[in-house]
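K.L.:
Have a look at the structure that comes next, please.
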Amino acid sequence: MDDSTLEPLLERAAFADLVDLAPAAAFIRDSDGRYLWTNHAYAHLYGLVPEQIAGKCIEDLDAPADACRFRALDQEILRRGTPVRHTLGYRRRDGSAGRAVGHRFPVRENARTCVAGIYVDVTDHVRATVQRQEAEENLQALRDHSGLPCALLSANGRVVEANAAAAELFRLSPHDLVGRRAHTLLAPEPGLDRLHRRWNGLIARRTRRVETSAVLVDAQGLQRRAQFHLTTVGHCATRARHVWAVVTQQSLAHEARPPLTAAQLRILSLLAKGSSNSDIAASLKLSRQTVDYHLSRLRQLLGAATRPALVARAYVLGILAPCAWPPRSATAAHPLSTV
């Protein structure tokens, strides 16, 4: 035997080894539905080895309903004489339903036309896809119908998705909100530097979640303080790809006003606690006249004529934290907490 004769034999042997050990399940059956050959992946579907399947019929391995369907597919291939790509269901060895995708095609074996097939089990992939679709649908339903303003932000702080509640919060349509840079929706205030640092920590994956507050500005220039959660999603090796922002509380919208001083914030907190003017003056080591001046100034700034109205306005405008006792400033009530 010369080299020209040996080379095709070696190529066929290598090809046979490749198919025999391939992860895709493959078989050859004759026109009577009898197995002539299977590879290891196909035999493994039945908990067998190829030698145990050779010579058996379809009915020896599959339930009657499946065997009837598989025979019909074989006959279709023999009748058409052309390959067919399709997806089929079958019963797995553990009794669960399986899905496979592949080709069935005619082959010549020992001078007769037989049916060959090669399939990849996609059961786990299909299940994972369905679970992912269900999770996405549940997330969308929660996002759209919870009533909470929600927005998905890119790592560089651009709005990627937004629900109707978020668009309403900023008095924009969802279409106009998407694509906006998040920093253009925030009013300038001293706490922004801290928010930026925490944002960078999220994107760098040093933290997974941040609870914080900021003053938001809508399309009409009205402001409101909002408490919100920032949670990273879509991680890669070193960075978070996206951040979900969910507003959990928001104050009444109002026109921009001068920021309150630390003394004014403390006076409001003590006033909300029920302290008298004398108590406030003693606590802050101020004169009664100074306290009276600050209260008069606060009533002007917040548009409140009485002490109870002043406290109420401080809460609805988000100046005082609604869930804190003793009363305190909203900017200090929830310092940026991270997980």
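All residue names refer to the structure tokens as shown: chains lettered A, B, ... in order, residues numbered from 1 in each chain, ligands numbered from 1 in order.
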Mind dumping a table of every stretch 128-179 of chain A residue within 8 Å of stretch 243-252 of chain A, with the nearest atom pair and its distance in Å to one decimal, using only C-alpha atoms, sorted by chain and rising number, as a tab-separated table?

P.N.:
```
residue	atom	partner	partner_atom	distance
A:Leu148	CA	A:Val247	CA	6.1
A:Pro149	CA	A:Val247	CA	5.4
A:Cys150	CA	A:Val246	CA	4.5
A:Ala151	CA	A:Ala245	CA	5.3
A:Leu152	CA	A:Trp244	CA	4.6
A:Leu153	CA	A:Val243	CA	5.1
A:Ser154	CA	A:Val243	CA	6.4
A:Ala155	CA	A:Val243	CA	7.0
```

K.L.:
A:Gly303: which residues within 12 Å, counting only C-alpha atoms, same-chain residues fewer than 2 positions away excluded, as a count of residues only?

P.N.:
20

K.L.:
Report as a ChimeraX atom specification: the residues of stretch 24-174 of chain A with a DSSP assignment of strand (DSSP E), based on the backbone of this structure.

P.N.:
/A:25-29,35-38,84-91,97-109,112-121,150-154,159-162

K.L.:
Pick the closest to A:His44 from A:Cys57, A:Ala67, A:Asp32, A:Ala24: which is it, counting only C-alpha atoms?

P.N.:
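Looking at the shortest contact to A:His44, the residue is A:Ala24.
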
K.L.:
Find the residue from A:Arg112, A:Arg225, A:His183, A:His40 that sits nearest to A:Val19; use only C-alpha atoms when measuring.

P.N.:
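For A:Val19, the nearest of the given residues is A:His40.
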
K.L.:
Go through stretch 90-264 of chain A and collect every residue that DSSP, computed from the backbone, puts in helix (DSSP H, G or I); the answer should be as number ranges by chain.

P.N.:
A: 123-145, 164-169, 174-177, 182-185, 192-203, 262-264

K.L.:
What is the atom CA of A:Leu195 to atom CA of A:Ser146 distance in Å?

P.N.:
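Answer for the atom CA of A:Leu195 to atom CA of A:Ser146 separation: 25.5 Å.
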
K.L.:
Please identify all polymer residues within 10 Å of stretch 234-239 of chain A, counting only C-alpha atoms, omitting same-chain residues fewer than 2 positions from it, and present them as a list in words.

P.N.:
Ala155, Asn200, Gly201, Leu202, Ile203, Ala204, Arg205, Arg206, Thr232, Arg241, His242 and Val243 of chain A

K.L.:
Print the selection's residues with all heavy atoms to a file, as an mmCIF file, in the first residue's frame.

P.N.:
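The resulting part-v6.cif:
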```cif
data_model
loop_
_atom_site.group_PDB
_atom_site.id
_atom_site.type_symbol
_atom_site.label_atom_id
_atom_site.label_comp_id
_atom_site.auth_asym_id
_atom_site.auth_seq_id
_atom_site.Cartn_x
_atom_site.Cartn_y
_atom_site.Cartn_z
ATOM 1 N N ALA A 155 -22.694 53.498 32.928
ATOM 2 C CA ALA A 155 -21.562 53.746 33.822
ATOM 3 C C ALA A 155 -21.097 55.195 33.757
ATOM 4 O O ALA A 155 -20.543 55.714 34.737
ATOM 5 C CB ALA A 155 -20.402 52.805 33.475
ATOM 6 N N ASN A 200 -18.609 56.726 41.894
ATOM 7 C CA ASN A 200 -17.370 56.133 41.389
ATOM 8 C C ASN A 200 -17.067 54.817 42.095
ATOM 9 O O ASN A 200 -16.551 53.873 41.483
ATOM 10 C CB ASN A 200 -16.209 57.109 41.564
ATOM 11 C CG ASN A 200 -16.329 58.323 40.663
ATOM 12 O OD1 ASN A 200 -16.951 58.246 39.597
ATOM 13 N ND2 ASN A 200 -15.756 59.443 41.071
ATOM 14 N N GLY A 201 -17.400 54.733 43.399
ATOM 15 C CA GLY A 201 -17.222 53.479 44.113
ATOM 16 C C GLY A 201 -18.123 52.378 43.589
ATOM 17 O O GLY A 201 -17.725 51.208 43.513
ATOM 18 N N LEU A 202 -19.347 52.742 43.206
ATOM 19 C CA LEU A 202 -20.248 51.765 42.602
ATOM 20 C C LEU A 202 -19.702 51.245 41.283
ATOM 21 O O LEU A 202 -19.664 50.043 41.039
ATOM 22 C CB LEU A 202 -21.629 52.391 42.373
ATOM 23 C CG LEU A 202 -22.572 52.538 43.560
ATOM 24 C CD1 LEU A 202 -23.754 53.409 43.174
ATOM 25 C CD2 LEU A 202 -23.063 51.179 44.038
ATOM 26 N N ILE A 203 -19.307 52.162 40.419
ATOM 27 C CA ILE A 203 -18.846 51.763 39.090
ATOM 28 C C ILE A 203 -17.571 50.922 39.186
ATOM 29 O O ILE A 203 -17.381 49.972 38.425
ATOM 30 C CB ILE A 203 -18.600 53.007 38.211
ATOM 31 C CG1 ILE A 203 -19.908 53.798 38.037
ATOM 32 C CG2 ILE A 203 -18.062 52.603 36.851
ATOM 33 C CD1 ILE A 203 -21.060 52.987 37.499
ATOM 34 N N ALA A 204 -16.712 51.249 40.143
ATOM 35 C CA ALA A 204 -15.474 50.477 40.336
ATOM 36 C C ALA A 204 -15.715 49.190 41.110
ATOM 37 O O ALA A 204 -14.772 48.452 41.381
ATOM 38 C CB ALA A 204 -14.438 51.334 41.060
ATOM 39 N N ARG A 205 -16.969 48.931 41.506
ATOM 40 C CA ARG A 205 -17.379 47.719 42.208
ATOM 41 C C ARG A 205 -16.785 47.617 43.604
ATOM 42 O O ARG A 205 -16.651 46.528 44.150
ATOM 43 C CB ARG A 205 -17.035 46.475 41.381
ATOM 44 C CG ARG A 205 -17.726 46.415 40.027
ATOM 45 C CD ARG A 205 -17.523 45.076 39.373
ATOM 46 N NE ARG A 205 -18.148 44.009 40.158
ATOM 47 C CZ ARG A 205 -17.983 42.718 39.900
ATOM 48 N NH1 ARG A 205 -17.237 42.339 38.887
ATOM 49 N NH2 ARG A 205 -18.579 41.798 40.651
ATOM 50 N N ARG A 206 -16.443 48.759 44.192
ATOM 51 C CA ARG A 206 -16.025 48.738 45.592
ATOM 52 C C ARG A 206 -17.236 48.600 46.508
ATOM 53 O O ARG A 206 -17.112 48.145 47.645
ATOM 54 C CB ARG A 206 -15.243 50.011 45.936
ATOM 55 C CG ARG A 206 -13.888 50.101 45.242
ATOM 56 C CD ARG A 206 -13.044 51.227 45.815
ATOM 57 N NE ARG A 206 -13.626 52.529 45.548
ATOM 58 C CZ ARG A 206 -13.356 53.256 44.475
ATOM 59 N NH1 ARG A 206 -12.520 52.791 43.550
ATOM 60 N NH2 ARG A 206 -13.912 54.438 44.296
ATOM 61 N N THR A 232 -25.922 48.385 41.447
ATOM 62 C CA THR A 232 -25.198 48.043 40.224
ATOM 63 C C THR A 232 -25.745 46.767 39.604
ATOM 64 O O THR A 232 -26.173 45.848 40.298
ATOM 65 C CB THR A 232 -23.702 47.853 40.506
ATOM 66 O OG1 THR A 232 -23.534 46.809 41.489
ATOM 67 C CG2 THR A 232 -23.078 49.120 41.040
ATOM 68 N N ARG A 241 -21.501 47.863 34.594
ATOM 69 C CA ARG A 241 -21.940 48.446 33.324
ATOM 70 C C ARG A 241 -23.105 49.407 33.510
ATOM 71 O O ARG A 241 -23.196 50.409 32.817
ATOM 72 C CB ARG A 241 -22.342 47.336 32.352
ATOM 73 C CG ARG A 241 -21.186 46.468 31.874
ATOM 74 C CD ARG A 241 -21.633 45.596 30.713
ATOM 75 N NE ARG A 241 -20.543 44.787 30.200
ATOM 76 C CZ ARG A 241 -20.288 43.543 30.577
ATOM 77 N NH1 ARG A 241 -21.059 42.975 31.481
ATOM 78 N NH2 ARG A 241 -19.282 42.865 30.074
ATOM 79 N N HIS A 242 -23.998 49.093 34.451
ATOM 80 C CA HIS A 242 -25.192 49.914 34.639
ATOM 81 C C HIS A 242 -25.518 50.038 36.121
ATOM 82 O O HIS A 242 -25.067 49.234 36.944
ATOM 83 C CB HIS A 242 -26.396 49.317 33.907
ATOM 84 C CG HIS A 242 -26.246 49.276 32.426
ATOM 85 N ND1 HIS A 242 -25.779 48.164 31.750
ATOM 86 C CD2 HIS A 242 -26.493 50.213 31.476
ATOM 87 C CE1 HIS A 242 -25.752 48.428 30.448
ATOM 88 N NE2 HIS A 242 -26.182 49.657 30.258
ATOM 89 N N VAL A 243 -26.328 51.024 36.422
ATOM 90 C CA VAL A 243 -26.798 51.257 37.786
ATOM 91 C C VAL A 243 -28.296 51.546 37.734
ATOM 92 O O VAL A 243 -28.736 52.399 36.956
ATOM 93 C CB VAL A 243 -26.062 52.446 38.447
ATOM 94 C CG1 VAL A 243 -26.684 52.769 39.808
ATOM 95 C CG2 VAL A 243 -24.576 52.148 38.588
#
```

K.L.:
With distances taken over only C-alpha atoms, which residue among A:Tyr293, A:Ile58, A:Arg104, A:Ala166 lies nearest A:His86?

P.N.:
A:Arg104

K.L.:
For A:Val101, list every protein, DNA or RNA residue within 6 Å, evaluated using only C-alpha atoms, and leave out those in the same chain fewer than 2 positions away; present the list as a ChimeraX atom specification.

P.N.:
/A:86-87,119-120

K.L.:
I'd like the contact shell of stretch 264-281 of chain A - 7 Å cut-off, only C-alpha atoms, skipping same-chain residues fewer than 3 positions apart - returned as a PyMOL selection string.

P.N.:
chain A and resi 260-261+284-288+291+294+311+326-329

K.L.:
What does the structure give for the distance between atom CA of A:Ile118 and atom CA of A:Gly102, in Å to one decimal?

P.N.:
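Rounded to one decimal, the two atoms are 5.7 Å apart.
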